[in-house]
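Novice: Structure file upload03.cif (mmCIF, C-alpha atoms (C1' of nucleotides)) right here:
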```
data_work
#
loop_
_atom_site.label_atom_id
_atom_site.label_comp_id
_atom_site.auth_asym_id
_atom_site.auth_seq_id
_atom_site.Cartn_x
_atom_site.Cartn_y
_atom_site.Cartn_z
CA MET A 1 131.81 122.42 111.19
CA PRO A 2 130.33 122.01 107.71
CA ARG A 3 131.91 119.32 105.56
CA ASN A 4 133.93 120.16 102.47
CA VAL A 5 131.33 118.43 100.32
CA PRO A 6 127.78 118.45 101.66
CA LEU A 7 126.10 115.15 102.42
CA SER A 8 123.57 113.82 99.95
CA ARG A 9 121.14 110.97 99.60
CA ASP A 10 123.33 109.30 97.00
CA VAL A 11 126.45 109.46 99.12
CA ILE A 12 124.54 107.96 102.04
CA VAL A 13 123.08 105.15 99.98
CA GLY A 14 126.49 104.47 98.45
CA ALA A 15 128.13 104.13 101.84
CA ALA A 16 125.24 102.03 103.11
CA LEU A 17 125.66 99.72 100.13
CA GLU A 18 129.34 99.31 100.95
CA MET A 19 128.57 98.48 104.55
CA ALA A 20 125.86 96.03 103.53
CA GLU A 21 128.28 94.26 101.22
CA ARG A 22 131.05 94.14 103.79
CA ASP A 23 129.19 93.31 107.01
CA GLY A 24 125.73 92.20 105.94
CA LEU A 25 122.50 94.16 105.92
CA ASP A 26 121.59 93.31 109.49
CA ARG A 27 124.77 94.93 110.75
CA LEU A 28 124.04 98.13 108.88
CA THR A 29 123.36 100.71 111.57
CA MET A 30 122.53 104.40 111.41
CA ARG A 31 125.21 105.23 113.94
CA GLY A 32 127.85 103.10 112.25
CA LEU A 33 126.99 104.58 108.89
CA ALA A 34 127.23 108.08 110.29
CA ALA A 35 130.64 107.29 111.78
CA GLN A 36 131.84 106.00 108.41
CA LEU A 37 130.62 109.22 106.79
CA GLY A 38 132.37 111.30 109.45
CA VAL A 39 129.13 112.83 110.53
CA THR A 40 126.62 112.91 113.37
CA PRO A 41 123.92 110.19 113.25
CA MET A 42 121.27 112.86 112.88
CA ALA A 43 122.82 114.29 109.74
CA ILE A 44 121.48 111.26 107.89
CA TYR A 45 117.96 112.04 109.07
CA TYR A 46 118.03 115.27 107.16
CA HIS A 47 118.29 113.34 103.90
CA VAL A 48 116.44 110.14 104.72
CA PRO A 49 113.27 109.81 106.85
CA ASP A 50 114.29 106.74 108.80
CA LYS A 51 116.15 103.45 108.70
CA GLU A 52 113.42 101.55 106.91
CA ALA A 53 113.49 104.10 104.09
CA LEU A 54 117.27 103.80 103.93
CA VAL A 55 117.11 100.02 103.61
CA ASP A 56 114.49 100.37 100.89
CA LEU A 57 116.80 102.72 99.01
CA VAL A 58 119.65 100.25 99.28
CA VAL A 59 117.42 97.44 98.07
CA ASP A 60 116.19 99.55 95.16
CA GLU A 61 119.75 100.40 94.21
CA VAL A 62 120.72 96.75 94.04
CA HIS A 63 117.58 96.01 92.08
CA GLN A 64 118.47 98.66 89.54
CA ARG A 65 121.79 96.99 88.86
CA GLN A 66 120.10 93.77 87.92
CA VAL A 67 120.53 92.20 84.53
CA PRO A 68 117.30 92.87 82.65
CA LEU A 69 115.04 89.90 82.02
CA GLU A 70 114.13 89.56 78.38
CA LEU A 71 112.67 86.78 76.33
CA THR A 72 114.81 85.79 73.36
CA ASP A 73 114.24 83.02 70.84
CA GLU A 74 116.27 80.71 73.04
CA GLY A 75 113.02 80.09 74.90
CA TRP A 76 111.88 81.14 78.36
CA GLU A 77 113.60 78.24 80.08
CA VAL A 78 117.07 79.28 78.95
CA CYS A 79 116.44 82.97 79.60
CA LEU A 80 115.01 82.34 83.05
CA ARG A 81 117.88 80.07 84.06
CA ARG A 82 120.46 82.62 83.00
CA ARG A 83 118.69 85.39 84.83
CA LEU A 84 118.11 83.47 88.07
CA LEU A 85 121.71 82.32 88.27
CA ALA A 86 123.00 85.83 87.57
CA GLN A 87 120.65 87.27 90.16
CA TRP A 88 121.81 84.79 92.75
CA GLU A 89 125.46 85.55 92.08
CA GLN A 90 124.81 89.23 92.49
CA LEU A 91 122.60 89.09 95.58
CA VAL A 92 124.59 86.51 97.50
CA ARG A 93 127.19 89.25 97.96
CA TYR A 94 124.77 91.17 100.15
CA PRO A 95 123.94 88.85 103.02
CA GLY A 96 120.56 89.55 104.54
CA LEU A 97 119.29 91.41 101.54
CA GLY A 98 117.41 88.44 100.19
CA SER A 99 114.78 88.61 102.88
CA HIS A 100 114.09 92.24 102.04
CA LEU A 101 113.40 91.56 98.39
CA SER A 102 109.84 90.50 98.90
CA ASN A 103 107.36 90.17 96.10
CA GLN A 104 105.08 92.77 97.60
CA PRO A 105 103.78 95.13 94.90
CA GLU A 106 103.87 98.16 97.19
CA MET A 107 107.64 98.22 97.32
CA GLY A 108 109.19 100.92 95.15
CA ALA A 109 111.55 99.71 92.46
CA SER A 110 110.74 96.08 93.11
CA ARG A 111 107.31 96.74 91.65
CA GLN A 112 108.83 97.29 88.22
CA SER A 113 110.89 94.18 88.70
CA ILE A 114 107.78 92.13 89.40
CA GLU A 115 105.89 93.49 86.45
CA ALA A 116 108.88 92.74 84.23
CA GLY A 117 108.84 89.16 85.43
CA VAL A 118 105.12 88.76 84.87
CA ALA A 119 105.43 90.32 81.42
CA PHE A 120 108.24 87.90 80.63
CA PHE A 121 106.02 84.90 81.26
CA GLU A 122 103.07 86.44 79.47
CA ALA A 123 105.29 87.01 76.45
CA ALA A 124 106.17 83.34 76.67
CA GLY A 125 102.50 82.50 76.35
CA PHE A 126 101.44 82.10 79.98
CA SER A 127 98.08 83.36 81.15
CA SER A 128 98.16 86.40 83.40
CA ARG A 129 97.48 84.35 86.48
CA SER A 130 99.99 81.64 85.61
CA ALA A 131 102.62 84.24 84.82
CA ARG A 132 102.20 85.77 88.26
CA LEU A 133 102.30 82.42 90.03
CA ALA A 134 105.33 81.29 88.06
CA TRP A 135 107.36 84.45 88.64
CA SER A 136 106.46 84.58 92.30
CA PHE A 137 107.50 80.96 92.65
CA ALA A 138 110.88 81.50 91.03
CA ILE A 139 111.65 84.61 93.06
CA THR A 140 110.44 83.07 96.29
CA TYR A 141 112.79 80.14 95.84
CA LEU A 142 115.67 82.46 95.13
CA HIS A 143 115.02 84.50 98.25
CA GLY A 144 114.79 81.35 100.32
CA ARG A 145 118.14 80.24 98.98
CA LEU A 146 119.71 83.62 99.69
CA ASN A 147 118.52 83.37 103.27
CA VAL A 148 120.18 80.01 103.65
CA ASP A 149 123.38 81.35 102.15
CA ALA A 150 123.33 84.31 104.50
CA ARG A 151 122.97 82.02 107.48
CA LEU A 152 125.75 79.71 106.30
CA ARG A 153 128.00 82.71 105.91
CA GLY A 154 126.98 84.08 109.30
CA ARG A 155 127.98 81.01 111.23
CA GLY A 156 131.30 80.73 109.48
CA GLY A 157 130.67 77.61 107.43
CA SER A 158 132.79 76.86 104.42
CA GLY A 159 129.77 77.11 102.15
CA LYS A 160 129.69 73.38 101.72
CA VAL A 161 126.96 71.30 103.35
CA ALA A 162 127.25 67.51 103.28
CA GLY A 163 129.92 67.76 100.60
CA ILE A 164 127.68 69.74 98.29
CA ARG A 165 128.62 73.27 97.35
CA ALA A 166 126.18 76.18 97.53
CA LYS A 167 126.48 76.54 93.76
CA ASP A 168 125.31 72.98 93.27
CA TYR A 169 122.28 73.55 95.46
CA VAL A 170 121.40 76.63 93.46
CA ALA A 171 121.99 74.90 90.12
CA PHE A 172 119.71 72.06 91.13
CA GLY A 173 117.17 74.49 92.54
CA VAL A 174 117.00 76.64 89.43
CA ASP A 175 116.62 73.59 87.19
CA ALA A 176 113.89 72.26 89.44
CA VAL A 177 112.13 75.63 89.48
CA ILE A 178 112.05 75.71 85.70
CA ALA A 179 110.93 72.11 85.34
CA GLY A 180 108.34 72.68 88.06
CA ILE A 181 106.86 75.71 86.36
CA LYS A 182 106.77 73.92 83.04
CA ALA A 183 104.91 70.90 84.37
CA THR A 184 102.54 72.72 86.71
CA VAL A 185 101.49 75.42 84.29
CA ALA A 186 101.01 72.94 81.47
CA GLU A 187 98.66 71.01 83.71
CA ALA A 188 96.76 74.08 84.85
CA GLU A 189 96.26 75.42 81.35
CA ALA A 190 95.29 72.07 79.89
CA GLY A 191 91.83 72.53 81.44
CA VAL A 192 89.48 75.33 80.44
CA ASP A 193 91.63 78.42 80.82
CA LEU A 194 89.67 80.03 83.61
CA VAL A 195 90.12 83.72 84.10
CA ALA A 196 91.04 84.45 87.74
CA GLU A 197 88.07 85.68 89.72
CA ALA A 198 88.11 89.33 90.75
CA MET B 1 111.20 88.06 146.58
CA PRO B 2 111.20 84.47 145.31
CA ARG B 3 108.30 83.50 143.06
CA ASN B 4 105.67 80.99 144.16
CA VAL B 5 106.81 78.61 141.43
CA PRO B 6 110.46 78.83 140.38
CA LEU B 7 111.28 79.73 136.83
CA SER B 8 112.36 76.99 134.46
CA ARG B 9 113.64 76.57 130.96
CA ASP B 10 110.33 75.10 129.84
CA VAL B 11 108.28 77.96 131.26
CA ILE B 12 110.57 80.45 129.54
CA VAL B 13 110.40 78.71 126.19
CA GLY B 14 106.62 78.38 126.52
CA ALA B 15 106.19 82.09 127.13
CA ALA B 16 108.62 82.90 124.32
CA LEU B 17 106.59 80.73 121.99
CA GLU B 18 103.45 82.62 122.91
CA MET B 19 105.13 85.95 122.27
CA ALA B 20 106.52 84.73 118.95
CA GLU B 21 103.08 83.63 117.85
CA ARG B 22 101.42 86.85 118.94
CA ASP B 23 103.94 89.49 117.90
CA GLY B 24 106.37 87.76 115.58
CA LEU B 25 109.80 86.40 116.35
CA ASP B 26 111.59 89.66 115.64
CA ARG B 27 109.63 91.38 118.36
CA LEU B 28 110.53 88.75 120.90
CA THR B 29 112.77 90.54 123.39
CA MET B 30 114.50 89.39 126.54
CA ARG B 31 113.17 92.35 128.49
CA GLY B 32 109.65 91.96 127.21
CA LEU B 33 109.70 88.26 127.91
CA ALA B 34 110.94 88.92 131.45
CA ALA B 35 108.15 91.44 131.98
CA GLN B 36 105.57 88.91 130.82
CA LEU B 37 107.03 86.37 133.24
CA GLY B 38 106.94 88.93 136.06
CA VAL B 39 110.64 88.68 136.55
CA THR B 40 113.86 90.62 136.09
CA PRO B 41 115.49 90.31 132.63
CA MET B 42 118.50 88.67 134.19
CA ALA B 43 116.46 85.87 135.73
CA ILE B 44 116.20 84.39 132.25
CA TYR B 45 119.96 84.31 131.93
CA TYR B 46 120.18 81.88 134.77
CA HIS B 47 118.30 79.29 132.69
CA VAL B 48 119.35 80.21 129.16
CA PRO B 49 122.82 81.37 128.04
CA ASP B 50 121.70 84.14 125.70
CA LYS B 51 119.07 85.24 123.24
CA GLU B 52 120.39 83.21 120.35
CA ALA B 53 120.09 80.05 122.44
CA LEU B 54 116.56 81.04 123.41
CA VAL B 55 115.54 81.48 119.80
CA ASP B 56 117.07 78.12 118.95
CA LEU B 57 115.03 76.53 121.73
CA VAL B 58 111.85 78.12 120.38
CA VAL B 59 112.67 76.94 116.87
CA ASP B 60 113.39 73.43 118.12
CA GLU B 61 110.12 73.38 120.01
CA VAL B 62 108.15 74.26 116.88
CA HIS B 63 110.13 71.70 114.92
CA GLN B 64 109.22 69.03 117.43
CA ARG B 65 105.54 69.67 116.93
CA GLN B 66 105.83 68.99 113.23
CA VAL B 67 103.86 66.25 111.56
CA PRO B 68 106.34 63.44 110.91
CA LEU B 69 107.31 62.85 107.31
CA GLU B 70 106.83 59.25 106.32
CA LEU B 71 106.66 57.48 103.03
CA THR B 72 103.46 55.50 102.51
CA ASP B 73 102.34 53.54 99.48
CA GLU B 74 100.58 56.66 98.21
CA GLY B 75 103.95 57.59 96.73
CA TRP B 76 106.46 60.29 97.70
CA GLU B 77 104.64 62.99 95.74
CA VAL B 78 101.44 62.71 97.76
CA CYS B 79 103.28 62.38 101.06
CA LEU B 80 105.53 65.34 100.36
CA ARG B 81 102.66 67.54 99.29
CA ARG B 82 100.70 66.78 102.44
CA ARG B 83 103.69 67.42 104.61
CA LEU B 84 104.76 70.69 102.96
CA LEU B 85 101.25 72.13 103.11
CA ALA B 86 100.86 71.13 106.76
CA GLN B 87 104.24 72.58 107.59
CA TRP B 88 103.39 75.84 105.93
CA GLU B 89 100.09 76.11 107.78
CA GLN B 90 101.85 75.55 111.05
CA LEU B 91 104.82 77.83 110.52
CA VAL B 92 102.96 80.72 108.96
CA ARG B 93 101.54 81.36 112.44
CA TYR B 94 105.01 82.30 113.67
CA PRO B 95 106.07 85.24 111.52
CA GLY B 96 109.81 85.55 111.20
CA LEU B 97 110.47 82.00 112.22
CA GLY B 98 110.87 80.82 108.65
CA SER B 99 114.18 82.56 108.22
CA HIS B 100 115.53 80.83 111.31
CA LEU B 101 114.75 77.35 110.05
CA SER B 102 117.83 77.03 107.94
CA ASN B 103 119.03 73.78 106.51
CA GLN B 104 122.31 73.98 108.33
CA PRO B 105 123.26 70.63 109.83
CA GLU B 106 124.80 72.16 112.94
CA MET B 107 121.46 73.34 114.28
CA GLY B 108 120.11 71.17 117.09
CA ALA B 109 116.77 69.59 116.43
CA SER B 110 116.66 70.73 112.82
CA ARG B 111 119.44 68.27 112.13
CA GLN B 112 117.10 65.38 112.82
CA SER B 113 114.52 67.03 110.64
CA ILE B 114 116.96 67.24 107.74
CA GLU B 115 118.05 63.66 108.09
CA ALA B 116 114.42 62.59 108.16
CA GLY B 117 113.83 64.43 104.91
CA VAL B 118 116.86 62.93 103.25
CA ALA B 119 115.88 59.46 104.46
CA PHE B 120 112.41 60.02 103.05
CA PHE B 121 113.75 60.59 99.56
CA GLU B 122 116.22 57.75 99.83
CA ALA B 123 113.39 55.44 100.79
CA ALA B 124 111.63 56.66 97.68
CA GLY B 125 114.58 55.47 95.60
CA PHE B 126 116.65 58.65 95.27
CA SER B 127 120.42 58.54 95.43
CA SER B 128 121.94 60.05 98.57
CA ARG B 129 123.01 63.17 96.72
CA SER B 130 119.70 63.62 94.93
CA ALA B 131 117.81 63.10 98.17
CA ARG B 132 119.76 65.89 99.82
CA LEU B 133 119.32 68.26 96.90
CA ALA B 134 115.61 67.51 96.65
CA TRP B 135 114.88 67.98 100.35
CA SER B 136 116.96 71.13 100.54
CA PHE B 137 115.12 72.48 97.54
CA ALA B 138 111.69 71.82 99.02
CA ILE B 139 112.56 73.31 102.39
CA THR B 140 114.28 76.30 100.88
CA TYR B 141 111.20 77.15 98.86
CA LEU B 142 109.02 76.82 101.94
CA HIS B 143 111.24 79.15 103.94
CA GLY B 144 111.24 81.66 101.15
CA ARG B 145 107.47 81.59 101.08
CA LEU B 146 107.25 82.00 104.85
CA ASN B 147 109.45 85.06 104.58
CA VAL B 148 107.15 86.58 102.03
CA ASP B 149 104.14 85.82 104.20
CA ALA B 150 105.82 87.38 107.21
CA ARG B 151 106.51 90.55 105.26
CA LEU B 152 102.96 90.73 103.89
CA ARG B 153 101.66 90.39 107.41
CA GLY B 154 104.09 92.97 108.72
CA ARG B 155 102.94 95.69 106.36
CA GLY B 156 99.30 95.03 107.07
CA GLY B 157 98.29 93.61 103.71
CA SER B 158 95.15 91.54 103.38
CA GLY B 159 97.20 88.51 102.39
CA LYS B 160 96.07 88.87 98.78
CA VAL B 161 98.46 90.03 96.08
CA ALA B 162 97.10 90.81 92.64
CA GLY B 163 93.88 89.00 93.49
CA ILE B 164 95.69 85.80 94.35
CA ARG B 165 95.53 84.45 97.88
CA ALA B 166 98.60 83.35 99.80
CA LYS B 167 97.18 79.84 99.86
CA ASP B 168 97.05 79.77 96.07
CA TYR B 169 100.68 80.83 95.82
CA VAL B 170 101.66 78.08 98.22
CA ALA B 171 99.52 75.48 96.45
CA PHE B 172 101.11 76.35 93.13
CA GLY B 173 104.55 76.44 94.71
CA VAL B 174 104.25 73.05 96.34
CA ASP B 175 103.00 71.48 93.12
CA ALA B 176 105.83 73.07 91.20
CA VAL B 177 108.38 71.92 93.78
CA ILE B 178 107.21 68.34 93.43
CA ALA B 179 107.08 68.43 89.65
CA GLY B 180 110.47 70.12 89.61
CA ILE B 181 112.10 67.48 91.78
CA LYS B 182 110.57 64.71 89.72
CA ALA B 183 111.83 66.04 86.41
CA THR B 184 115.25 67.19 87.56
CA VAL B 185 116.15 64.08 89.49
CA ALA B 186 114.94 61.79 86.70
CA GLU B 187 117.25 63.63 84.34
CA ALA B 188 120.22 63.53 86.70
CA GLU B 189 119.89 59.82 87.42
CA ALA B 190 119.36 58.87 83.79
CA GLY B 191 123.11 59.22 83.25
CA VAL B 192 125.65 57.02 85.01
CA ASP B 193 124.70 57.35 88.66
CA LEU B 194 127.85 59.06 89.84
CA VAL B 195 128.59 58.86 93.53
CA ALA B 196 129.14 62.36 94.95
CA GLU B 197 132.82 63.12 95.41
CA ALA B 198 134.07 63.28 99.01
"C1'" DA C 1 120.34 77.48 143.67
"C1'" DC C 2 117.86 81.17 142.09
"C1'" DC C 3 117.07 85.85 141.44
"C1'" DT C 4 117.67 91.18 141.89
"C1'" DG C 5 119.86 95.87 140.88
"C1'" DA C 6 122.88 98.72 139.00
"C1'" DA C 7 125.57 99.51 135.19
"C1'" DC C 8 127.70 99.22 130.32
"C1'" DA C 9 127.69 99.50 125.54
"C1'" DC C 10 124.89 99.60 122.14
"C1'" DC C 11 120.36 100.81 119.15
"C1'" DG C 12 116.76 104.25 116.44
"C1'" DT C 13 114.85 108.55 116.93
"C1'" DT C 14 112.90 113.44 118.69
"C1'" DC C 15 113.65 117.97 119.58
"C1'" DA C 16 115.92 122.28 120.13
"C1'" DA C 17 119.64 124.76 118.79
"C1'" DG C 18 123.53 126.34 116.04
"C1'" DT C 19 125.59 128.28 111.37
"C1'" DA D 1 119.58 124.55 104.06
"C1'" DC D 2 122.32 121.61 106.50
"C1'" DC D 3 124.17 119.82 110.53
"C1'" DT D 4 125.29 119.31 115.78
"C1'" DG D 5 124.32 117.99 120.80
"C1'" DA D 6 121.79 116.48 124.28
"C1'" DA D 7 118.32 113.54 125.51
"C1'" DC D 8 114.69 109.64 125.44
"C1'" DA D 9 113.22 105.09 125.20
"C1'" DC D 10 114.62 101.10 123.99
"C1'" DC D 11 118.02 96.81 123.30
"C1'" DG D 12 121.32 92.52 125.00
"C1'" DT D 13 124.41 91.52 128.46
"C1'" DT D 14 128.13 91.58 132.56
"C1'" DC D 15 129.02 91.68 137.18
"C1'" DA D 16 128.39 91.96 142.01
"C1'" DA D 17 125.28 91.25 145.44
"C1'" DG D 18 121.30 89.45 147.91
"C1'" DT D 19 118.46 85.31 149.91
#
```
What do you get writing this file as structure tokens?
Specialist:
Amino acid sequence: MPRNVPLSRDVIVGAALEMAERDGLDRLTMRGLAAQLGVTPMAIYYHVPDKEALVDLVVDEVHQRQVPLELTDEGWEVCLRRRLLAQWEQLVRYPGLGSHLSNQPEMGASRQSIEAGVAFFEAAGFSSRSARLAWSFAITYLHGRLNVDARLRGRGGSGKVAGIRAKDYVAFGVDAVIAGIKATVAEAEAGVDLVAEA
Amino acid sequence: MPRNVPLSRDVIVGAALEMAERDGLDRLTMRGLAAQLGVTPMAIYYHVPDKEALVDLVVDEVHQRQVPLELTDEGWEVCLRRRLLAQWEQLVRYPGLGSHLSNQPEMGASRQSIEAGVAFFEAAGFSSRSARLAWSFAITYLHGRLNVDARLRGRGGSGKVAGIRAKDYVAFGVDAVIAGIKATVAEAEAGVDLVAEA
DNA sequence: ACCTGAACACCGTTCAAGT
DNA sequence: ACCTGAACACCGTTCAAGT
């Protein structure tokens, strides 16, 4: 029996997003998603090639909802801190998603996100190479932290470890990331500003 | 038919470790492991409760082989750098293992590892709270980086992104982690050294 | 004590068929 | 064009039975 409203890619991704937020990305299953949509598992395959593609779509969707990263006259440190904290607050709601937000250029929407980050640092006066290293560093830390949060959530912890709240860990981490970039890049660019070899 | 040499926990973990190193931790399967051991899948269950426990045993085993972290008179920066780089080189051989090395205290052998890290920073003069934040930060970054490496490996990349080698990203990251800890902790402990609330 | 064999409840996915 | 149904090749795991 045909449904009242035909299935679509957007409806599928929307439902997948809901499931990912409720149960975590690792418990998102084609069969479960189909059941939630009131449809046969194979109906999904008409709109989406396979599960990997579906996960990529979900990841892209979340990426799209991100607060844009722009450099204001507050300085890159303030802008970066605001952005990283906002990004953490958004992504921590989707457990397991952190590990899928790699910094690999080949990955759809995340490519734009990476270029935006690199451009941000270049606008702040970093060399092209330093900008890439700095942005990768910041994002890598964030993903690492999201993984830890996902695991803490998975095993039913209260979110506190050794009397320190997850938020405190992140606050310290983001501050340290910024200070680390500042010091390390300053040192690297104090020497002759070598262009990265091809 | 009984085997010439009876199965044991150690033999199982050893074989699992081999599989994890060859194919990645996510492709480690009870059935595949049993096949490699020339045994029925259920034989493993006599020695190990379930897959989660097996993975924990593998993770613990790798942890045990880690270079110990000790503070020498070279200073904590030098010691930490050496240790983090060594740890990365060791763990990058086991793709997917990074995300299982969480900083959750409840986790077997990793608990000792965490305490060792905290003790390291305390010995270097950090407050208890700062030591915990600093160690967590360093480890979190490393795990994030291992995740990225695992993904790069998974999709068959050359290991280079935008002309920058994985090793360069890690080298920058470790330097930035150290500089970040230095600056952030100095700032935090400049004020009245508040004891963390219970 | 140590292991096998059959079975259960799940996966993702292919392939042919229905409307 | 859009979806169903049956089937295949996998999982982790339980449970009863063999030696």
Novice: Please write as a PyMOL selection string the full residue list that the PyMOL selection byres ((chain D) within 9 of (chain B)) yields on this file.
Specialist: chain D and resi 11-13+19
Novice: Using only C-alpha atoms, which residues of chain B come within 8 Å of chain A, and what is the closest atom pair for each, with the distance in Å to one decimal? Give it as CSV, sorted by chain and residue number.
Specialist:
```
residue,atom,partner,partner_atom,distance
B:Ser99,CA,A:Asn147,CA,6.6
B:Ser102,CA,A:Val148,CA,5.7
B:Asn103,CA,A:Val148,CA,7.0
B:Gln104,CA,A:Leu152,CA,7.0
B:Pro105,CA,A:Val161,CA,7.5
B:Leu133,CA,A:Tyr169,CA,6.2
B:Ser136,CA,A:Tyr169,CA,7.7
B:Phe137,CA,A:Gly173,CA,5.8
B:Thr140,CA,A:Gly144,CA,5.1
B:Tyr141,CA,A:Tyr141,CA,4.5
B:Leu142,CA,A:Gly144,CA,7.5
B:His143,CA,A:Gly144,CA,5.5
B:Gly144,CA,A:Gly144,CA,3.7
B:Arg145,CA,A:Thr140,CA,5.8
B:Asn147,CA,A:Ser99,CA,6.6
B:Val148,CA,A:Ser102,CA,5.7
B:Arg151,CA,A:Ser102,CA,7.2
B:Leu152,CA,A:Gln104,CA,6.9
B:Val161,CA,A:Gln104,CA,7.3
B:Gly163,CA,A:Ala198,CA,6.4
B:Tyr169,CA,A:Leu133,CA,6.2
B:Phe172,CA,A:Leu133,CA,6.9
B:Gly173,CA,A:Phe137,CA,5.8
B:Asp175,CA,A:Thr184,CA,6.5
B:Ala176,CA,A:Gly180,CA,4.0
B:Val177,CA,A:Gly180,CA,5.8
B:Ile178,CA,A:Gly180,CA,7.0
B:Ala179,CA,A:Gly180,CA,4.7
B:Gly180,CA,A:Gly180,CA,3.7
B:Ile181,CA,A:Ala176,CA,5.6
B:Ala183,CA,A:Ala179,CA,6.2
B:Thr184,CA,A:Ala176,CA,5.6
B:Ala196,CA,A:Gly163,CA,7.9
B:Glu197,CA,A:Gly163,CA,7.5
B:Ala198,CA,A:Gly163,CA,6.3
```
Novice: Using only C-alpha atoms, please write the residues we just selected to a file, as a compact mmCIF listing (two decimals), in the coordinates of the input.
Specialist:
```txt
# COMPACT_ATOMS: atom_id res chain seq x y z
CA SER B 99 114.18 82.56 108.22
CA SER B 102 117.83 77.03 107.94
CA ASN B 103 119.03 73.78 106.51
CA GLN B 104 122.31 73.98 108.33
CA PRO B 105 123.26 70.63 109.83
CA LEU B 133 119.32 68.26 96.90
CA SER B 136 116.96 71.13 100.54
CA PHE B 137 115.12 72.48 97.54
CA THR B 140 114.28 76.30 100.88
CA TYR B 141 111.20 77.15 98.86
CA LEU B 142 109.02 76.82 101.94
CA HIS B 143 111.24 79.15 103.94
CA GLY B 144 111.24 81.66 101.15
CA ARG B 145 107.47 81.59 101.08
CA ASN B 147 109.45 85.06 104.58
CA VAL B 148 107.15 86.58 102.03
CA ARG B 151 106.51 90.55 105.26
CA LEU B 152 102.96 90.73 103.89
CA VAL B 161 98.46 90.03 96.08
CA GLY B 163 93.88 89.00 93.49
CA TYR B 169 100.68 80.83 95.82
CA PHE B 172 101.11 76.35 93.13
CA GLY B 173 104.55 76.44 94.71
CA ASP B 175 103.00 71.48 93.12
CA ALA B 176 105.83 73.07 91.20
CA VAL B 177 108.38 71.92 93.78
CA ILE B 178 107.21 68.34 93.43
CA ALA B 179 107.08 68.43 89.65
CA GLY B 180 110.47 70.12 89.61
CA ILE B 181 112.10 67.48 91.78
CA ALA B 183 111.83 66.04 86.41
CA THR B 184 115.25 67.19 87.56
CA ALA B 196 129.14 62.36 94.95
CA GLU B 197 132.82 63.12 95.41
CA ALA B 198 134.07 63.28 99.01
```
Novice: Step by step, work through what the PyMOL selection byres ((chain B and resi 124) around 8) selects in the shown file, and finish by giving those residues as a list in words.
Specialist: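 With the PyMOL selection byres ((chain B and resi 124) around 8) on this model, the match is Leu71, Gly75, Trp76, Phe120, Phe121, Glu122, Ala123, Gly125 and Phe126 of chain B.
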Novice: Give the answer as one residue: which of B:Ala86, B:Leu54, B:Pro49, B:Arg22 has the shortest atom-to-atom distance to Pro68 in chain B, using only C-alpha atoms?
Specialist: B:Ala86
Novice: For the PyMOL selection byres ((chain B and resi 32-40) around 9), applied here, can you spell out every residue it catches as a PyMOL selection string?
Specialist: (chain B and resi 3+7+11-12+15-16+19+27-31+41-44) or (chain C and resi 3-4)
Novice: Just give me the gap between CA of Pro6 in chain B and C1' of DC2 in chain C in Å, one decimal is fine.
Specialist: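 Interatomic distance here is 7.9 Å.
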Novice: Need the axis-aligned box for range 3-10 of chain D with 6 Å each side, so what are the centre and edges in Å to one decimal, as lines of an AutoDock Vina configuration file?
Specialist:
```
center_x = 119.3
center_y = 110.5
center_z = 118.0
size_x = 24.1
size_y = 30.7
size_z = 27.0
```
Novice: Could you pull out every residue with an atom within 7 Å of (110.9, 110.6, 124.5), file coordinates, counting all atoms listed in the file, and send them as a PyMOL selection string?
Specialist: (chain C and resi 14) or (chain D and resi 8-9)
Novice: By how many Å are CA of Gly117 in chain B and CA of Ala131 in chain B apart?
Specialist: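 Computing the Euclidean distance for CA of Gly117 in chain B and CA of Ala131 in chain B yields 7.9 Å.
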Novice: Quick one, how far is CA of Leu91 in chain B from CA of Leu25 in chain B?
Specialist: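 CA of Leu91 in chain B sits 11.5 Å away from CA of Leu25 in chain B.
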Novice: I'd like to know which of B:Ala186, B:Ala20, B:Ala166, B:Val5 is closest to Trp88 in chain B, using all atoms listed in the file.
Specialist: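 Checking each candidate against Trp88 in chain B, we get B:Ala166 as the closest.
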Novice: Pick the closest to Leu80 in chain A from A:Glu21, A:Ala53, A:Val67, A:Glu115: which is it, counting only C-alpha atoms?
Specialist: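 The answer is A:Val67, which sits nearest to Leu80 in chain A.
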Novice: Got a sec: who's within 12 Å of DA16 in chain C, counting all atoms listed in the file, leaving out chain neighbours fewer than 6 positions off, as a PyMOL selection string?
Specialist: chain D and resi 4-7
